[in-house]
Amino acid sequence: MVTPIAVSIHRKLDNNPLFGEGVIHIKIDDEGGGGFIVLEQDDQKISINLDEIDIICNEAKKLLANYDKVNV
């Protein structure tokens with residue numbers, strides 16, 4: 001059985017998706033209370049509960065839509 005638990009997001013030009021500049025790692029973690037997402041870049045990490053992901057994405061999209069209207 002294979003269960004993917006991590007992906008790397010990186011620029012097309014970066015040679016190494018493990019530690020290239022600006023690489024973002026998205027991982028699933030679980031400390032016994034259920035799974036959550038960990039976003040990691042360089043030495044910084046943020047943990048996000050699964051029920052928060054949609055809220056964060058929706059609010060980010062609203063911010064970008066408003067920003068695009070103002071900066072046209």
# chains A, B, ... in the order shown; residues from 1 in each chain; ligands from 1
call {"tool": "residues_around", "arguments": {"residues": "region 20-33 of chain A", "least_positions_apart": "5", "cutoff": "8 Å", "atoms": "only C-alpha atoms", "output": "list in words"}}
result
Ile5, Ala6, Val7, Ser8, Ile9, His10, Arg11, Asp14, Asn15, Val38, Leu39, Glu40, Gln41 and Asp42 of chain A
call {"tool": "write_last_selection", "arguments": {"atoms": "C-alpha atoms", "output": "PDB file, in the first residue's frame"}}
result
ATOM      1  CA  ILE A   5       1.504  12.281   2.753  1.00  0.00           C
ATOM      2  CA  ALA A   6       3.597  15.150   1.320  1.00  0.00           C
ATOM      3  CA  VAL A   7       4.088  17.230  -1.818  1.00  0.00           C
ATOM      4  CA  SER A   8       6.503  19.990  -2.802  1.00  0.00           C
ATOM      5  CA  ILE A   9       5.492  23.137  -4.641  1.00  0.00           C
ATOM      6  CA  HIS A  10       8.378  24.846  -6.404  1.00  0.00           C
ATOM      7  CA  ARG A  11       9.209  27.080  -9.311  1.00  0.00           C
ATOM      8  CA  ASP A  14      14.367  25.207  -9.354  1.00  0.00           C
ATOM      9  CA  ASN A  15      16.529  22.134  -9.645  1.00  0.00           C
ATOM     10  CA  VAL A  38       1.521  21.453   7.801  1.00  0.00           C
ATOM     11  CA  LEU A  39       2.845  24.120   5.427  1.00  0.00           C
ATOM     12  CA  GLU A  40       6.611  24.432   5.608  1.00  0.00           C
ATOM     13  CA  GLN A  41       8.991  26.854   3.894  1.00  0.00           C
ATOM     14  CA  ASP A  42      12.614  27.286   4.889  1.00  0.00           C
TER      15      ASP A  42
END
call {"tool": "residues_around", "arguments": {"residues": "Leu50 (chain A)", "least_positions_apart": "6", "cutoff": "8 Å", "atoms": "only C-alpha atoms", "output": "list in words"}}
result
Gly35, Phe36 and Ile37 of chain A
call {"tool": "atom_distance", "arguments": {"atom1": "CA of Lys61 (chain A)", "atom2": "CA of Asn16 (chain A)"}}
result
29.0 Å
call {"tool": "select_by_dssp", "arguments": {"residues": "region 5-57 of chain A", "states": "strand (DSSP E or B)", "output": "VMD selection string"}}
result
chain A and resid 6 to 9 24 to 30 35 to 41 44 to 49
call {"tool": "select_by_dssp", "arguments": {"residues": "region 28-69 of chain A", "states": "helix (DSSP H, G or I)", "output": "list in words"}}
result
Leu50, Asp51, Glu52, Ile53, Asp54, Ile55, Ile56, Cys57, Asn58, Glu59, Ala60, Lys61, Lys62, Leu63, Leu64, Ala65, Asn66, Tyr67, Asp68 and Lys69 of chain A
call {"tool": "decode", "arguments": {"residues": "chain A", "atoms": "C-alpha atoms", "output": "PDB file, in the first residue's frame"}}
result
ATOM      1  CA  MET A   1       0.000   0.000   0.000  1.00  0.00           C
ATOM      2  CA  VAL A   2       1.215   3.503  -0.818  1.00  0.00           C
ATOM      3  CA  THR A   3      -0.179   6.574   0.936  1.00  0.00           C
ATOM      4  CA  PRO A   4       1.077   9.968  -0.238  1.00  0.00           C
ATOM      5  CA  ILE A   5       1.504  12.281   2.753  1.00  0.00           C
ATOM      6  CA  ALA A   6       3.597  15.150   1.320  1.00  0.00           C
ATOM      7  CA  VAL A   7       4.088  17.230  -1.818  1.00  0.00           C
ATOM      8  CA  SER A   8       6.503  19.990  -2.802  1.00  0.00           C
ATOM      9  CA  ILE A   9       5.492  23.137  -4.641  1.00  0.00           C
ATOM     10  CA  HIS A  10       8.378  24.846  -6.404  1.00  0.00           C
ATOM     11  CA  ARG A  11       9.209  27.080  -9.311  1.00  0.00           C
ATOM     12  CA  LYS A  12       9.726  25.339 -12.603  1.00  0.00           C
ATOM     13  CA  LEU A  13      13.331  26.515 -12.789  1.00  0.00           C
ATOM     14  CA  ASP A  14      14.367  25.207  -9.354  1.00  0.00           C
ATOM     15  CA  ASN A  15      16.529  22.134  -9.645  1.00  0.00           C
ATOM     16  CA  ASN A  16      15.729  20.670  -6.258  1.00  0.00           C
ATOM     17  CA  PRO A  17      12.161  20.422  -4.912  1.00  0.00           C
ATOM     18  CA  LEU A  18      13.527  19.341  -1.520  1.00  0.00           C
ATOM     19  CA  PHE A  19      15.377  22.499  -0.543  1.00  0.00           C
ATOM     20  CA  GLY A  20      15.277  24.956  -3.455  1.00  0.00           C
ATOM     21  CA  GLU A  21      14.591  28.642  -2.918  1.00  0.00           C
ATOM     22  CA  GLY A  22      10.929  29.284  -2.133  1.00  0.00           C
ATOM     23  CA  VAL A  23       9.960  25.603  -2.014  1.00  0.00           C
ATOM     24  CA  ILE A  24       6.758  24.986  -0.062  1.00  0.00           C
ATOM     25  CA  HIS A  25       6.175  21.562   1.447  1.00  0.00           C
ATOM     26  CA  ILE A  26       2.609  20.510   2.189  1.00  0.00           C
ATOM     27  CA  LYS A  27       2.386  17.566   4.572  1.00  0.00           C
ATOM     28  CA  ILE A  28      -0.255  15.660   6.465  1.00  0.00           C
ATOM     29  CA  ASP A  29       0.563  15.136  10.119  1.00  0.00           C
ATOM     30  CA  ASP A  30      -1.315  13.499  12.969  1.00  0.00           C
ATOM     31  CA  GLU A  31      -0.473  13.642  16.647  1.00  0.00           C
ATOM     32  CA  GLY A  32      -3.230  11.252  17.670  1.00  0.00           C
ATOM     33  CA  GLY A  33      -6.132  13.691  17.471  1.00  0.00           C
ATOM     34  CA  GLY A  34      -6.745  13.472  13.733  1.00  0.00           C
ATOM     35  CA  GLY A  35      -4.967  14.696  10.664  1.00  0.00           C
ATOM     36  CA  PHE A  36      -3.946  18.267   9.958  1.00  0.00           C
ATOM     37  CA  ILE A  37      -1.961  20.043   7.251  1.00  0.00           C
ATOM     38  CA  VAL A  38       1.521  21.453   7.801  1.00  0.00           C
ATOM     39  CA  LEU A  39       2.845  24.120   5.427  1.00  0.00           C
ATOM     40  CA  GLU A  40       6.611  24.432   5.608  1.00  0.00           C
ATOM     41  CA  GLN A  41       8.991  26.854   3.894  1.00  0.00           C
ATOM     42  CA  ASP A  42      12.614  27.286   4.889  1.00  0.00           C
ATOM     43  CA  ASP A  43      12.579  27.138   8.705  1.00  0.00           C
ATOM     44  CA  GLN A  44       8.971  28.250   9.107  1.00  0.00           C
ATOM     45  CA  LYS A  45       5.936  26.039   9.687  1.00  0.00           C
ATOM     46  CA  ILE A  46       2.226  26.553  10.100  1.00  0.00           C
ATOM     47  CA  SER A  47      -0.271  23.868  11.107  1.00  0.00           C
ATOM     48  CA  ILE A  48      -3.819  24.100   9.784  1.00  0.00           C
ATOM     49  CA  ASN A  49      -6.772  22.018  10.897  1.00  0.00           C
ATOM     50  CA  LEU A  50      -8.677  20.448   8.031  1.00  0.00           C
ATOM     51  CA  ASP A  51     -11.811  22.481   8.771  1.00  0.00           C
ATOM     52  CA  GLU A  52      -9.806  25.720   8.438  1.00  0.00           C
ATOM     53  CA  ILE A  53      -8.460  25.064   4.922  1.00  0.00           C
ATOM     54  CA  ASP A  54     -11.606  26.083   3.029  1.00  0.00           C
ATOM     55  CA  ILE A  55     -12.022  29.214   5.156  1.00  0.00           C
ATOM     56  CA  ILE A  56      -8.416  30.262   4.530  1.00  0.00           C
ATOM     57  CA  CYS A  57      -8.661  29.635   0.775  1.00  0.00           C
ATOM     58  CA  ASN A  58     -11.989  31.470   0.459  1.00  0.00           C
ATOM     59  CA  GLU A  59     -10.782  34.496   2.412  1.00  0.00           C
ATOM     60  CA  ALA A  60      -7.507  34.610   0.450  1.00  0.00           C
ATOM     61  CA  LYS A  61      -9.474  34.568  -2.824  1.00  0.00           C
ATOM     62  CA  LYS A  62     -11.639  37.462  -1.571  1.00  0.00           C
ATOM     63  CA  LEU A  63      -8.554  39.461  -0.635  1.00  0.00           C
ATOM     64  CA  LEU A  64      -6.980  38.875  -4.052  1.00  0.00           C
ATOM     65  CA  ALA A  65     -10.193  39.747  -5.904  1.00  0.00           C
ATOM     66  CA  ASN A  66     -10.482  43.002  -3.964  1.00  0.00           C
ATOM     67  CA  TYR A  67      -6.790  43.768  -4.493  1.00  0.00           C
ATOM     68  CA  ASP A  68      -7.104  43.190  -8.240  1.00  0.00           C
ATOM     69  CA  LYS A  69     -10.071  45.604  -8.432  1.00  0.00           C
ATOM     70  CA  VAL A  70      -8.136  48.344  -6.645  1.00  0.00           C
ATOM     71  CA  ASN A  71      -4.920  47.873  -8.650  1.00  0.00           C
ATOM     72  CA  VAL A  72      -6.359  47.830 -12.176  1.00  0.00           C
TER      73      VAL A  72
END
